[in-house]
file input24.cif (mmCIF, C-alpha atoms)
data_model
#
loop_
_atom_site.label_atom_id
_atom_site.label_comp_id
_atom_site.auth_asym_id
_atom_site.auth_seq_id
_atom_site.Cartn_x
_atom_site.Cartn_y
_atom_site.Cartn_z
CA MET Y 15 -12.54 -32.60 -120.76
CA SER Y 16 -13.89 -36.08 -120.41
CA PHE Y 17 -15.33 -37.26 -117.15
CA ILE Y 18 -14.21 -40.70 -116.01
CA ASN Y 19 -16.25 -42.09 -113.18
CA TYR Y 20 -14.72 -45.20 -111.62
CA SER Y 21 -17.57 -45.42 -109.19
CA SER Y 22 -20.33 -45.84 -111.76
CA ARG Y 23 -17.84 -47.12 -114.35
CA GLU Y 24 -18.69 -44.53 -116.95
CA ILE Y 25 -16.77 -42.38 -119.37
CA ASN Y 26 -18.45 -39.20 -120.57
CA CYS Y 27 -17.15 -37.33 -123.59
CA LYS Y 28 -18.36 -34.13 -125.19
CA ILE Y 29 -18.47 -33.74 -128.95
CA VAL Y 30 -19.45 -30.43 -130.54
CA TYR Y 31 -20.83 -29.98 -134.05
CA TYR Y 32 -19.66 -26.63 -135.38
CA GLY Y 33 -20.29 -24.84 -138.65
CA PRO Y 34 -22.04 -21.91 -140.36
CA GLY Y 35 -25.75 -21.25 -140.09
CA LEU Y 36 -28.02 -23.77 -141.87
CA CYS Y 37 -25.15 -26.14 -142.70
CA GLY Y 38 -26.96 -29.11 -141.12
CA LYS Y 39 -25.58 -29.51 -137.61
CA THR Y 40 -28.99 -30.04 -136.05
CA THR Y 41 -29.95 -32.31 -138.96
CA ASN Y 42 -26.95 -34.52 -138.13
CA LEU Y 43 -28.15 -34.90 -134.55
CA GLN Y 44 -31.73 -35.50 -135.60
CA TYR Y 45 -30.64 -38.29 -137.91
CA ILE Y 46 -28.49 -39.89 -135.21
CA TYR Y 47 -31.42 -39.62 -132.83
CA ARG Y 48 -33.81 -41.31 -135.27
CA ARG Y 49 -31.43 -44.13 -136.05
CA THR Y 50 -30.32 -45.07 -132.56
CA ASN Y 51 -32.00 -47.69 -130.40
CA PRO Y 52 -34.18 -46.19 -127.66
CA GLU Y 53 -32.07 -47.75 -124.91
CA GLN Y 54 -28.93 -46.10 -126.29
CA LYS Y 55 -30.15 -42.54 -126.37
CA GLY Y 56 -31.60 -39.85 -124.17
CA LYS Y 57 -33.90 -37.07 -125.19
CA LEU Y 58 -32.84 -34.76 -128.01
CA ILE Y 59 -33.00 -31.30 -126.49
CA SER Y 60 -33.22 -28.37 -128.89
CA LEU Y 61 -33.10 -24.83 -127.64
CA ALA Y 62 -34.36 -23.26 -130.82
CA THR Y 63 -36.30 -20.22 -131.95
CA GLU Y 64 -39.86 -20.44 -133.25
CA THR Y 65 -38.48 -20.75 -136.75
CA GLU Y 66 -36.43 -23.76 -135.68
CA ARG Y 67 -33.10 -22.01 -135.79
CA THR Y 68 -30.81 -23.11 -132.98
CA LEU Y 69 -30.81 -20.43 -130.30
CA PHE Y 70 -28.38 -21.89 -127.79
CA PHE Y 71 -27.64 -25.55 -128.48
CA ASP Y 72 -29.00 -28.98 -129.31
CA PHE Y 73 -28.04 -31.79 -127.03
CA LEU Y 74 -28.17 -35.54 -127.56
CA PRO Y 75 -26.74 -38.02 -125.05
CA LEU Y 76 -25.72 -41.35 -126.53
CA ALA Y 77 -24.62 -44.47 -124.71
CA LEU Y 78 -23.40 -46.74 -127.44
CA GLY Y 79 -21.94 -49.54 -125.40
CA ASP Y 80 -19.11 -50.64 -123.14
CA ILE Y 81 -15.36 -50.58 -123.51
CA LYS Y 82 -13.26 -52.49 -121.01
CA GLY Y 83 -16.19 -52.60 -118.60
CA PHE Y 84 -16.82 -48.88 -118.82
CA ARG Y 85 -20.05 -47.52 -120.24
CA VAL Y 86 -19.09 -45.02 -122.92
CA ARG Y 87 -21.35 -42.00 -123.16
CA PHE Y 88 -21.08 -39.35 -125.80
CA HIS Y 89 -22.76 -36.03 -125.30
CA LEU Y 90 -23.35 -34.46 -128.68
CA TYR Y 91 -23.87 -30.72 -128.88
CA THR Y 92 -24.44 -28.32 -131.73
CA VAL Y 93 -23.68 -24.63 -131.61
CA PRO Y 94 -25.97 -21.93 -133.00
CA GLY Y 95 -24.53 -21.21 -136.43
CA GLN Y 96 -25.82 -17.71 -137.00
CA VAL Y 97 -23.08 -15.12 -136.79
CA PHE Y 98 -24.66 -13.01 -134.06
CA TYR Y 99 -24.78 -15.89 -131.58
CA ALA Y 100 -21.02 -15.72 -131.15
CA ALA Y 101 -21.16 -15.44 -127.37
CA SER Y 102 -23.25 -18.59 -127.05
CA ARG Y 103 -21.00 -20.56 -129.39
CA LYS Y 104 -18.04 -19.85 -127.20
CA LEU Y 105 -19.79 -21.23 -124.12
CA ILE Y 106 -20.64 -24.53 -125.73
CA LEU Y 107 -17.03 -25.28 -126.60
CA LYS Y 108 -16.17 -25.36 -122.91
CA GLY Y 109 -14.79 -28.76 -121.99
CA VAL Y 110 -15.02 -30.14 -125.51
CA ASP Y 111 -13.32 -33.46 -126.29
CA GLY Y 112 -13.88 -33.57 -130.04
CA VAL Y 113 -15.13 -31.28 -132.80
CA VAL Y 114 -17.00 -31.99 -136.01
CA PHE Y 115 -16.94 -29.15 -138.50
CA VAL Y 116 -19.98 -29.37 -140.74
CA ALA Y 117 -19.29 -27.47 -143.96
CA ASP Y 118 -22.03 -26.43 -146.36
CA SER Y 119 -20.93 -27.65 -149.80
CA GLN Y 120 -22.84 -25.05 -151.79
CA ILE Y 121 -20.46 -22.75 -153.64
CA GLU Y 122 -22.16 -19.61 -152.35
CA ARG Y 123 -21.60 -20.77 -148.75
CA MET Y 124 -17.80 -21.08 -149.00
CA GLU Y 125 -17.26 -17.71 -147.42
CA ALA Y 126 -19.60 -18.60 -144.55
CA ASN Y 127 -17.66 -21.86 -144.09
CA MET Y 128 -14.36 -20.03 -143.92
CA GLU Y 129 -15.70 -17.46 -141.51
CA SER Y 130 -17.10 -20.14 -139.22
CA PHE Y 131 -13.88 -22.13 -139.38
CA GLU Y 132 -11.83 -19.10 -138.32
CA ASP Y 133 -14.37 -18.42 -135.58
CA LEU Y 134 -13.93 -21.99 -134.35
CA LYS Y 135 -10.17 -21.63 -134.13
CA ILE Y 136 -10.41 -18.34 -132.28
CA ASN Y 137 -12.99 -19.62 -129.83
CA LEU Y 138 -11.01 -22.76 -129.12
CA ALA Y 139 -7.86 -20.73 -128.56
CA GLU Y 140 -9.73 -18.61 -126.02
CA GLN Y 141 -10.43 -21.77 -124.05
CA GLY Y 142 -6.82 -22.83 -124.30
CA TYR Y 143 -7.28 -25.45 -127.04
CA GLU Y 144 -5.59 -25.84 -130.36
CA LEU Y 145 -7.68 -27.31 -133.14
CA GLU Y 146 -4.66 -29.26 -134.40
CA LYS Y 147 -4.39 -31.09 -131.09
CA LEU Y 148 -8.06 -31.89 -130.68
CA PRO Y 149 -9.91 -34.87 -132.12
CA PHE Y 150 -11.41 -33.28 -135.22
CA THR Y 151 -13.37 -34.33 -138.28
CA ILE Y 152 -14.72 -32.40 -141.24
CA GLN Y 153 -18.01 -33.22 -142.89
CA HIS Y 154 -18.80 -31.84 -146.34
CA ASN Y 155 -22.56 -31.74 -146.14
CA LYS Y 156 -25.31 -31.31 -148.73
CA ARG Y 157 -23.48 -33.23 -151.45
CA ASP Y 158 -26.84 -33.94 -153.13
CA LEU Y 159 -27.35 -30.31 -154.15
CA PRO Y 160 -26.57 -29.25 -157.71
CA ASN Y 161 -24.30 -26.27 -157.00
CA VAL Y 162 -21.65 -27.83 -154.81
CA ALA Y 163 -17.94 -27.09 -154.71
CA PRO Y 164 -15.54 -29.98 -155.41
CA VAL Y 165 -14.41 -31.72 -152.23
CA GLU Y 166 -10.74 -31.15 -153.14
CA GLN Y 167 -11.34 -27.44 -153.28
CA MET Y 168 -13.18 -27.46 -149.94
CA ASN Y 169 -10.43 -29.49 -148.32
CA ALA Y 170 -7.83 -27.09 -149.65
CA ILE Y 171 -9.55 -24.27 -147.81
CA LEU Y 172 -10.88 -25.94 -144.66
CA ASN Y 173 -8.60 -28.88 -144.25
CA PRO Y 174 -5.01 -27.86 -144.93
CA ASN Y 175 -3.68 -30.65 -142.70
CA GLY Y 176 -5.45 -33.29 -144.70
CA ILE Y 177 -7.34 -34.94 -141.88
CA GLN Y 178 -10.01 -37.45 -142.75
CA SER Y 179 -13.13 -35.77 -144.14
CA PHE Y 180 -16.52 -37.15 -145.07
CA GLU Y 181 -19.04 -36.38 -147.78
CA ALA Y 182 -22.53 -36.30 -146.42
CA VAL Y 183 -26.18 -35.71 -147.01
CA ALA Y 184 -27.39 -35.29 -143.45
CA MET Y 185 -31.05 -35.21 -144.49
CA THR Y 186 -30.85 -38.81 -145.70
CA GLY Y 187 -28.17 -39.85 -143.26
CA GLN Y 188 -25.41 -40.41 -145.79
CA GLY Y 189 -22.06 -39.94 -144.04
CA VAL Y 190 -23.61 -39.02 -140.68
CA PHE Y 191 -22.56 -42.07 -138.68
CA GLU Y 192 -19.22 -42.27 -140.49
CA THR Y 193 -18.48 -38.75 -139.27
CA LEU Y 194 -19.54 -39.49 -135.71
CA LYS Y 195 -17.57 -42.70 -135.65
CA SER Y 196 -14.44 -40.97 -136.88
CA VAL Y 197 -14.49 -38.29 -134.20
CA ALA Y 198 -15.54 -40.74 -131.46
CA LYS Y 199 -12.64 -42.97 -132.36
CA GLN Y 200 -10.19 -40.10 -132.08
CA VAL Y 201 -11.66 -39.06 -128.72
CA LEU Y 202 -11.28 -42.57 -127.31
CA PHE Y 203 -7.74 -42.87 -128.61
CA GLU Y 204 -6.98 -39.58 -126.91
CA LEU Y 205 -8.20 -41.10 -123.63
CA LYS Y 206 -5.92 -44.01 -124.25
CA LYS Y 207 -2.99 -41.64 -124.56
CA HIS Y 208 -3.76 -39.84 -121.34
CA TYR Y 209 -4.89 -42.64 -119.04
CA MET T 4 -5.51 -30.46 -123.15
CA ALA T 5 -6.58 -27.22 -121.58
CA GLU T 6 -7.97 -28.64 -118.38
CA PHE T 7 -7.59 -31.82 -116.44
CA ASP T 8 -10.14 -34.47 -117.12
CA LEU T 9 -12.34 -35.11 -114.17
CA VAL T 10 -11.56 -38.54 -112.78
CA MET T 11 -13.75 -39.76 -109.97
CA TYR T 12 -12.82 -42.74 -107.82
CA GLU T 13 -15.00 -44.75 -105.47
CA GLU T 14 -13.66 -43.06 -102.36
CA GLU T 15 -14.31 -39.49 -103.47
CA PHE T 16 -17.64 -40.47 -104.89
CA ARG T 17 -18.68 -41.88 -101.53
CA ARG T 18 -17.69 -38.70 -99.74
CA ILE T 19 -19.59 -36.57 -102.23
CA ASP T 20 -22.59 -38.81 -101.93
CA GLU T 21 -22.50 -38.53 -98.13
CA GLU T 22 -22.41 -34.73 -98.35
CA LEU T 23 -25.35 -34.73 -100.74
CA GLN T 24 -27.41 -37.07 -98.57
CA LYS T 25 -26.74 -34.86 -95.58
CA LEU T 26 -27.74 -31.73 -97.46
CA TYR T 27 -30.81 -33.49 -98.81
CA GLN T 28 -31.99 -34.19 -95.27
CA GLN T 29 -31.03 -30.87 -93.74
CA ALA T 30 -32.43 -28.68 -96.50
CA ASN T 31 -35.67 -30.65 -96.77
CA ALA T 32 -35.08 -30.81 -100.49
CA LYS T 33 -36.92 -32.91 -103.07
CA VAL T 34 -33.96 -33.65 -105.28
CA LEU T 35 -30.30 -32.64 -105.42
CA PHE T 36 -27.91 -32.82 -108.32
CA LEU T 37 -24.24 -32.21 -108.66
CA VAL T 38 -23.23 -31.40 -112.23
CA ASP T 39 -19.86 -30.48 -113.66
CA LYS T 40 -19.57 -27.22 -115.55
CA ASN T 41 -19.46 -29.06 -118.85
CA GLY T 42 -22.87 -30.54 -118.26
CA GLN T 43 -22.11 -33.98 -116.98
CA LEU T 44 -24.00 -35.37 -114.03
CA ILE T 45 -21.72 -36.28 -111.13
CA ALA T 46 -24.10 -37.37 -108.40
CA SER T 47 -27.64 -36.95 -107.17
CA ALA T 48 -29.80 -37.45 -104.09
CA GLY T 49 -33.54 -37.82 -103.59
CA ASP T 50 -36.15 -39.13 -105.95
CA THR T 51 -34.77 -38.80 -109.46
CA HIS T 52 -37.07 -41.35 -111.10
CA ASN T 53 -39.31 -38.89 -112.88
CA ILE T 54 -36.52 -36.60 -114.00
CA ASP T 55 -34.38 -36.84 -117.11
CA THR T 56 -31.15 -36.31 -115.20
CA THR T 57 -28.86 -36.20 -118.23
CA ALA T 58 -30.88 -33.48 -119.93
CA LEU T 59 -31.23 -31.58 -116.68
CA ALA T 60 -27.47 -31.65 -116.17
CA SER T 61 -26.76 -30.34 -119.65
CA LEU T 62 -29.36 -27.57 -119.46
CA THR T 63 -28.19 -26.51 -116.02
CA ALA T 64 -24.64 -26.20 -117.25
CA GLY T 65 -25.89 -24.20 -120.23
CA ASN T 66 -27.78 -21.98 -117.85
CA ILE T 67 -24.73 -21.39 -115.67
CA ALA T 68 -22.55 -20.80 -118.72
CA ALA T 69 -24.99 -18.23 -120.12
CA THR T 70 -25.25 -16.50 -116.75
CA GLY T 71 -21.46 -16.48 -116.51
CA GLY T 72 -21.35 -14.84 -119.93
CA ILE T 73 -23.73 -12.13 -118.73
CA ALA T 74 -21.64 -11.64 -115.59
CA ARG T 75 -18.49 -11.05 -117.58
CA LEU T 76 -20.25 -8.55 -119.83
CA LEU T 77 -21.17 -6.63 -116.70
CA GLY T 78 -17.69 -6.86 -115.25
CA GLU T 79 -18.61 -9.44 -112.60
CA ARG T 80 -16.53 -12.55 -112.28
CA GLU T 81 -19.51 -14.84 -111.85
CA PHE T 82 -23.03 -14.87 -110.44
CA THR T 83 -22.80 -17.73 -108.04
CA ILE T 84 -26.48 -18.32 -107.32
CA LEU T 85 -29.47 -18.72 -109.63
CA PHE T 86 -32.97 -19.14 -108.35
CA HIS T 87 -36.07 -20.10 -110.32
CA GLU T 88 -39.46 -20.02 -108.68
CA GLY T 89 -42.22 -22.27 -109.94
CA GLU T 90 -45.83 -22.88 -108.89
CA LYS T 91 -45.00 -26.00 -106.94
CA ASP T 92 -41.29 -26.52 -107.16
CA ASN T 93 -38.40 -24.14 -106.95
CA ILE T 94 -34.86 -24.62 -108.06
CA GLN T 95 -31.72 -23.10 -106.67
CA ILE T 96 -28.53 -23.48 -108.66
CA SER T 97 -25.19 -22.56 -107.13
CA LEU T 98 -21.67 -22.67 -108.35
CA ILE T 99 -19.26 -24.43 -106.05
CA GLY T 100 -15.56 -23.72 -106.05
CA GLN T 101 -15.76 -22.41 -109.66
CA ARG T 102 -15.90 -25.99 -110.71
CA VAL T 103 -19.16 -27.80 -110.10
CA ILE T 104 -22.81 -26.88 -110.00
CA LEU T 105 -25.14 -27.81 -107.19
CA VAL T 106 -28.82 -27.96 -108.08
CA VAL T 107 -31.42 -28.10 -105.31
CA ILE T 108 -35.07 -28.68 -106.15
CA PHE T 109 -37.46 -27.98 -103.29
CA ASP T 110 -41.13 -27.28 -102.62
CA GLN T 111 -43.17 -25.60 -99.88
CA ARG T 112 -41.89 -28.04 -97.27
CA SER T 113 -38.65 -26.09 -97.32
CA SER T 114 -37.75 -22.45 -97.86
CA LEU T 115 -35.23 -20.48 -99.85
CA GLY T 116 -33.60 -19.27 -96.63
CA LEU T 117 -33.09 -22.77 -95.31
CA VAL T 118 -31.81 -24.02 -98.66
CA ARG T 119 -29.32 -21.17 -98.93
CA LEU T 120 -28.06 -21.69 -95.42
CA ARG T 121 -27.54 -25.43 -95.84
CA VAL T 122 -26.08 -25.09 -99.31
CA LYS T 123 -23.52 -22.65 -98.02
CA LYS T 124 -22.35 -25.14 -95.43
CA ALA T 125 -22.28 -28.04 -97.86
CA SER T 126 -20.40 -25.94 -100.43
CA GLU T 127 -17.42 -25.65 -98.17
CA SER T 128 -17.11 -29.41 -97.72
CA LEU T 129 -17.73 -30.09 -101.40
CA THR T 130 -15.14 -27.51 -102.43
CA ARG T 131 -12.60 -29.31 -100.27
CA ILE T 132 -13.40 -32.67 -101.82
CA PHE T 133 -13.12 -31.32 -105.35
CA ASP T 134 -9.86 -29.57 -104.52
CA GLU T 135 -8.52 -32.92 -103.43
CA ILE T 136 -9.76 -34.60 -106.61
CA ALA T 137 -8.02 -31.92 -108.67
CA SER T 138 -4.73 -32.21 -106.83
CA LYS T 139 -4.88 -35.98 -107.05
CA ALA T 140 -5.38 -35.73 -110.80
CA GLU T 141 -2.48 -33.31 -111.08
CA LYS T 142 -0.25 -35.59 -109.09
CA GLU T 143 -1.15 -38.59 -111.19
CA LYS T 144 -0.56 -36.61 -114.32
CA ALA T 145 2.86 -35.58 -113.06
CA GLU T 146 3.75 -39.15 -112.20
CA GLY T 147 2.80 -40.39 -115.62
CA ARG T 148 -0.06 -42.57 -116.60
CA LEU T 149 -1.96 -44.75 -114.19
CA ASP T 150 -0.76 -48.27 -113.72
CA GLU T 151 -4.06 -50.03 -113.93
CA SER T 152 -5.54 -47.86 -116.66
CA PRO T 153 -8.46 -49.60 -118.26
CA PHE T 154 -8.04 -47.55 -121.44
CA ALA T 155 -4.47 -48.37 -122.31
CA GLU T 156 -5.58 -51.25 -124.46
CA ILE T 157 -8.52 -49.82 -126.34
CA SER T 158 -8.43 -51.32 -129.79
CA ASP T 159 -9.98 -50.43 -133.12
CA GLU T 160 -12.22 -53.41 -132.66
CA ASP T 161 -13.59 -52.15 -129.33
CA ILE T 162 -14.54 -48.91 -130.99
CA ASP T 163 -16.03 -50.61 -134.04
CA ASN T 164 -18.19 -52.68 -131.70
CA LEU T 165 -19.75 -49.52 -130.31
CA PHE T 166 -21.10 -48.65 -133.72
CA ARG T 167 -22.50 -51.99 -134.66
#

call {"tool": "encode", "arguments": {"input": "input24.cif", "output": "structure tokens"}}
result
Amino acid sequence: MSFINYSSREINCKIVYYGPGLCGKTTNLQYIYRRTNPEQKGKLISLATETERTLFFDFLPLALGDIKGFRVRFHLYTVPGQVFYAASRKLILKGVDGVVFVADSQIERMEANMESFEDLKINLAEQGYELEKLPFTIQHNKRDLPNVAPVEQMNAILNPNGIQSFEAVAMTGQGVFETLKSVAKQVLFELKKHY
Amino acid sequence: MAEFDLVMYEEEFRRIDEELQKLYQQANAKVLFLVDKNGQLIASAGDTHNIDTTALASLTAGNIAATGGIARLLGEREFTILFHEGEKDNIQISLIGQRVILVVIFDQRSSLGLVRLRVKKASESLTRIFDEIASKAEKEKAEGRLDESPFAEISDEDIDNLFR
């Protein structure tokens, strides 16, 4: 649910990074935070446990520039990936405009990916959304590790509709901005359709 | 989409701002914020210079969402008021018309009783304004897209420029 403010000439959109525990959602946001000009970003808020696992969400506001005289602001959120934080994950999807699914490419994490992907669909449905109708991008993260599954195989499981997906190494930033750009583009085109 | 996007025009914004300014005076508050349930700041009153308003909006919405989750677990529809007491400043958060969140920050120059009383009054007016915004959005949706939409001509290039 984007927020269009004609008075301050701003568009606010909410993008949620979803995925299993330790897949690199927070790392994506941290990289974006490091690589954005100070005037384009707000504070990166992390509600995390003492061991730096996301407890509720991370939040990064970005104001990348103007479109047609409107300041475009993206609010990036991550969900807590660990299975037992299901209730919190649901809350963060409220009002979402676009979703990035961050998949962990390691072979032993395929089951966790699938479980999280199903969880995403169920939670979206509870809010009245359908994943197929939402701006959505998949990121295959951790491509630098030795034991990764082939992208084709991952797409076959997580991406049956063949939407655009990105290979990434969020630690070094590879694929991070490409992913963000892809989902942001879809979100803005959605606005175009509706307004 | 599941819900209507929130579209705020100059006129409604002015009315909301007026309500907030009035509440700010009457409740002797330090700062007021109006935030939508998804964490986006709608309007504010008072001295916001030293406050990260964007982060505050997002955390407040998270707070309300978590409290709402607890309410449902307990079989309540919603807890409509949250109050946090600090050493110097206090914060009262209330849900207005199931739709927006009103945050009042106040210190010893005011009191919880006064804040509650004034917020209750202001809530009614704000609920009315937001009802009107919602019905306006619905009407526009029903009539098809807006004539003077600034977004109808967003191009690939516009979007690429954002990421330069």

call {"tool": "residues_around", "arguments": {"input": "input24.cif", "residues": "Ile46 in chain Y", "least_positions_apart": "4", "cutoff": "10 Å", "atoms": "all atoms listed in the file", "output": "mmCIF file with C-alpha atoms, keeping the file's coordinate frame"}}
result
data_model
loop_
_atom_site.group_PDB
_atom_site.id
_atom_site.type_symbol
_atom_site.label_atom_id
_atom_site.label_comp_id
_atom_site.auth_asym_id
_atom_site.auth_seq_id
_atom_site.Cartn_x
_atom_site.Cartn_y
_atom_site.Cartn_z
ATOM 1 C CA THR Y 40 -28.990 -30.040 -136.050
ATOM 2 C CA THR Y 41 -29.950 -32.310 -138.960
ATOM 3 C CA ASN Y 42 -26.950 -34.520 -138.130
ATOM 4 C CA THR Y 50 -30.320 -45.070 -132.560
ATOM 5 C CA ASN Y 51 -32.000 -47.690 -130.400
ATOM 6 C CA LYS Y 55 -30.150 -42.540 -126.370
ATOM 7 C CA LEU Y 58 -32.840 -34.760 -128.010
ATOM 8 C CA LEU Y 74 -28.170 -35.540 -127.560
ATOM 9 C CA LEU Y 76 -25.720 -41.350 -126.530
ATOM 10 C CA LEU Y 90 -23.350 -34.460 -128.680
ATOM 11 C CA ALA Y 184 -27.390 -35.290 -143.450
ATOM 12 C CA GLY Y 187 -28.170 -39.850 -143.260
ATOM 13 C CA VAL Y 190 -23.610 -39.020 -140.680
ATOM 14 C CA PHE Y 191 -22.560 -42.070 -138.680
ATOM 15 C CA LEU Y 194 -19.540 -39.490 -135.710
#

call {"tool": "resolve_selection", "arguments": {"input": "input24.cif", "expression": "the PyMOL selection byres ((chain T) within 9 of (chain Y))", "output": "ChimeraX atom specification"}}
result
/T:4-17,39-43,45,55,57-58,61-62,65,68-69,72,144,147-150,152-159,161-167

call {"tool": "write_last_selection", "arguments": {"input": "input24.cif", "atoms": "C-alpha atoms", "output": "mmCIF file, keeping the file's coordinate frame"}}
result
data_model
loop_
_atom_site.group_PDB
_atom_site.id
_atom_site.type_symbol
_atom_site.label_atom_id
_atom_site.label_comp_id
_atom_site.auth_asym_id
_atom_site.auth_seq_id
_atom_site.Cartn_x
_atom_site.Cartn_y
_atom_site.Cartn_z
ATOM 1 C CA MET T 4 -5.510 -30.460 -123.150
ATOM 2 C CA ALA T 5 -6.580 -27.220 -121.580
ATOM 3 C CA GLU T 6 -7.970 -28.640 -118.380
ATOM 4 C CA PHE T 7 -7.590 -31.820 -116.440
ATOM 5 C CA ASP T 8 -10.140 -34.470 -117.120
ATOM 6 C CA LEU T 9 -12.340 -35.110 -114.170
ATOM 7 C CA VAL T 10 -11.560 -38.540 -112.780
ATOM 8 C CA MET T 11 -13.750 -39.760 -109.970
ATOM 9 C CA TYR T 12 -12.820 -42.740 -107.820
ATOM 10 C CA GLU T 13 -15.000 -44.750 -105.470
ATOM 11 C CA GLU T 14 -13.660 -43.060 -102.360
ATOM 12 C CA GLU T 15 -14.310 -39.490 -103.470
ATOM 13 C CA PHE T 16 -17.640 -40.470 -104.890
ATOM 14 C CA ARG T 17 -18.680 -41.880 -101.530
ATOM 15 C CA ASP T 39 -19.860 -30.480 -113.660
ATOM 16 C CA LYS T 40 -19.570 -27.220 -115.550
ATOM 17 C CA ASN T 41 -19.460 -29.060 -118.850
ATOM 18 C CA GLY T 42 -22.870 -30.540 -118.260
ATOM 19 C CA GLN T 43 -22.110 -33.980 -116.980
ATOM 20 C CA ILE T 45 -21.720 -36.280 -111.130
ATOM 21 C CA ASP T 55 -34.380 -36.840 -117.110
ATOM 22 C CA THR T 57 -28.860 -36.200 -118.230
ATOM 23 C CA ALA T 58 -30.880 -33.480 -119.930
ATOM 24 C CA SER T 61 -26.760 -30.340 -119.650
ATOM 25 C CA LEU T 62 -29.360 -27.570 -119.460
ATOM 26 C CA GLY T 65 -25.890 -24.200 -120.230
ATOM 27 C CA ALA T 68 -22.550 -20.800 -118.720
ATOM 28 C CA ALA T 69 -24.990 -18.230 -120.120
ATOM 29 C CA GLY T 72 -21.350 -14.840 -119.930
ATOM 30 C CA LYS T 144 -0.560 -36.610 -114.320
ATOM 31 C CA GLY T 147 2.800 -40.390 -115.620
ATOM 32 C CA ARG T 148 -0.060 -42.570 -116.600
ATOM 33 C CA LEU T 149 -1.960 -44.750 -114.190
ATOM 34 C CA ASP T 150 -0.760 -48.270 -113.720
ATOM 35 C CA SER T 152 -5.540 -47.860 -116.660
ATOM 36 C CA PRO T 153 -8.460 -49.600 -118.260
ATOM 37 C CA PHE T 154 -8.040 -47.550 -121.440
ATOM 38 C CA ALA T 155 -4.470 -48.370 -122.310
ATOM 39 C CA GLU T 156 -5.580 -51.250 -124.460
ATOM 40 C CA ILE T 157 -8.520 -49.820 -126.340
ATOM 41 C CA SER T 158 -8.430 -51.320 -129.790
ATOM 42 C CA ASP T 159 -9.980 -50.430 -133.120
ATOM 43 C CA ASP T 161 -13.590 -52.150 -129.330
ATOM 44 C CA ILE T 162 -14.540 -48.910 -130.990
ATOM 45 C CA ASP T 163 -16.030 -50.610 -134.040
ATOM 46 C CA ASN T 164 -18.190 -52.680 -131.700
ATOM 47 C CA LEU T 165 -19.750 -49.520 -130.310
ATOM 48 C CA PHE T 166 -21.100 -48.650 -133.720
ATOM 49 C CA ARG T 167 -22.500 -51.990 -134.660
#

call {"tool": "axis_aligned_box", "arguments": {"input": "input24.cif", "around": "range 122-132 of chain Y", "padding_each_side": "6 Å", "output": "JSON"}}
result
{"center_x": -17.0, "center_y": -19.8, "center_z": -145.3, "size_x": 22.3, "size_y": 16.7, "size_z": 26.0}

call {"tool": "resolve_selection", "arguments": {"input": "input24.cif", "expression": "the PyMOL selection byres ((chain T and resi 135) around 12)", "output": "MDAnalysis selection string"}}
result
chainID T and resid 9:12 14:16 18:19 100 128:134 136:142

call {"tool": "atom_distance", "arguments": {"input": "input24.cif", "atom1": "CA of Gln24 in chain T", "atom2": "CA of Glu88 in chain T"}}
result
23.2 Å

call {"tool": "atom_distance", "arguments": {"input": "input24.cif", "atom1": "CA of Ile29 in chain Y", "atom2": "CA of Ile96 in chain T"}}
result
24.9 Å

call {"tool": "resolve_selection", "arguments": {"input": "input24.cif", "expression": "the PyMOL selection byres ((chain T and resi 29) around 10)", "output": "PyMOL selection string"}}
result
chain T and resi 23-28+30-32+113+117-118+120-122

call {"tool": "atom_distance", "arguments": {"input": "input24.cif", "atom1": "CA of Glu143 in chain T", "atom2": "CA of Val103 in chain T"}}
result
21.0 Å

call {"tool": "residues_around", "arguments": {"input": "input24.cif", "residues": "Ala163 in chain Y", "least_positions_apart": "4", "cutoff": "10 Å", "atoms": "only C-alpha atoms", "output": "list of chain:residue names"}}
result
Y:Asp118, Y:Ser119, Y:Gln120, Y:Ile121, Y:Glu122, Y:Arg123, Y:Met124, Y:His154, Y:Arg157, Y:Leu159, Y:Gln167, Y:Met168

call {"tool": "closest_residue", "arguments": {"input": "input24.cif", "among": "T:Ser114, T:Thr83, T:Ser126, T:Thr51", "to": "Asn66 in chain T", "atoms": "all atoms listed in the file"}}
result
T:Thr83

call {"tool": "closest_residue", "arguments": {"input": "input24.cif", "among": "Y:Val201, Y:Val93, Y:Ile152, Y:Val113", "to": "Ile177 in chain Y", "atoms": "all atoms listed in the file"}}
result
Y:Ile152

call {"tool": "residues_around", "arguments": {"input": "input24.cif", "residues": "range 31-35 of chain Y", "least_positions_apart": "5", "cutoff": "9 Å", "atoms": "all atoms listed in the file", "output": "ChimeraX atom specification"}}
result
/Y:40,42-43,67-68,90-97,103,112-118,123,126-131,134

call {"tool": "residues_near_point", "arguments": {"input": "input24.cif", "point": "(-37.8, -23.4, -104.5)", "cutoff": "8 Å", "atoms": "all atoms listed in the file", "output": "mmCIF file with C-alpha atoms, keeping the file's coordinate frame"}}
result
data_model
loop_
_atom_site.group_PDB
_atom_site.id
_atom_site.type_symbol
_atom_site.label_atom_id
_atom_site.label_comp_id
_atom_site.auth_asym_id
_atom_site.auth_seq_id
_atom_site.Cartn_x
_atom_site.Cartn_y
_atom_site.Cartn_z
ATOM 1 C CA PHE T 86 -32.970 -19.140 -108.350
ATOM 2 C CA HIS T 87 -36.070 -20.100 -110.320
ATOM 3 C CA GLU T 88 -39.460 -20.020 -108.680
ATOM 4 C CA GLY T 89 -42.220 -22.270 -109.940
ATOM 5 C CA ASP T 92 -41.290 -26.520 -107.160
ATOM 6 C CA ASN T 93 -38.400 -24.140 -106.950
ATOM 7 C CA ILE T 94 -34.860 -24.620 -108.060
ATOM 8 C CA GLN T 95 -31.720 -23.100 -106.670
ATOM 9 C CA VAL T 107 -31.420 -28.100 -105.310
ATOM 10 C CA ILE T 108 -35.070 -28.680 -106.150
ATOM 11 C CA PHE T 109 -37.460 -27.980 -103.290
ATOM 12 C CA ASP T 110 -41.130 -27.280 -102.620
ATOM 13 C CA GLN T 111 -43.170 -25.600 -99.880
ATOM 14 C CA SER T 113 -38.650 -26.090 -97.320
ATOM 15 C CA SER T 114 -37.750 -22.450 -97.860
ATOM 16 C CA LEU T 115 -35.230 -20.480 -99.850
#
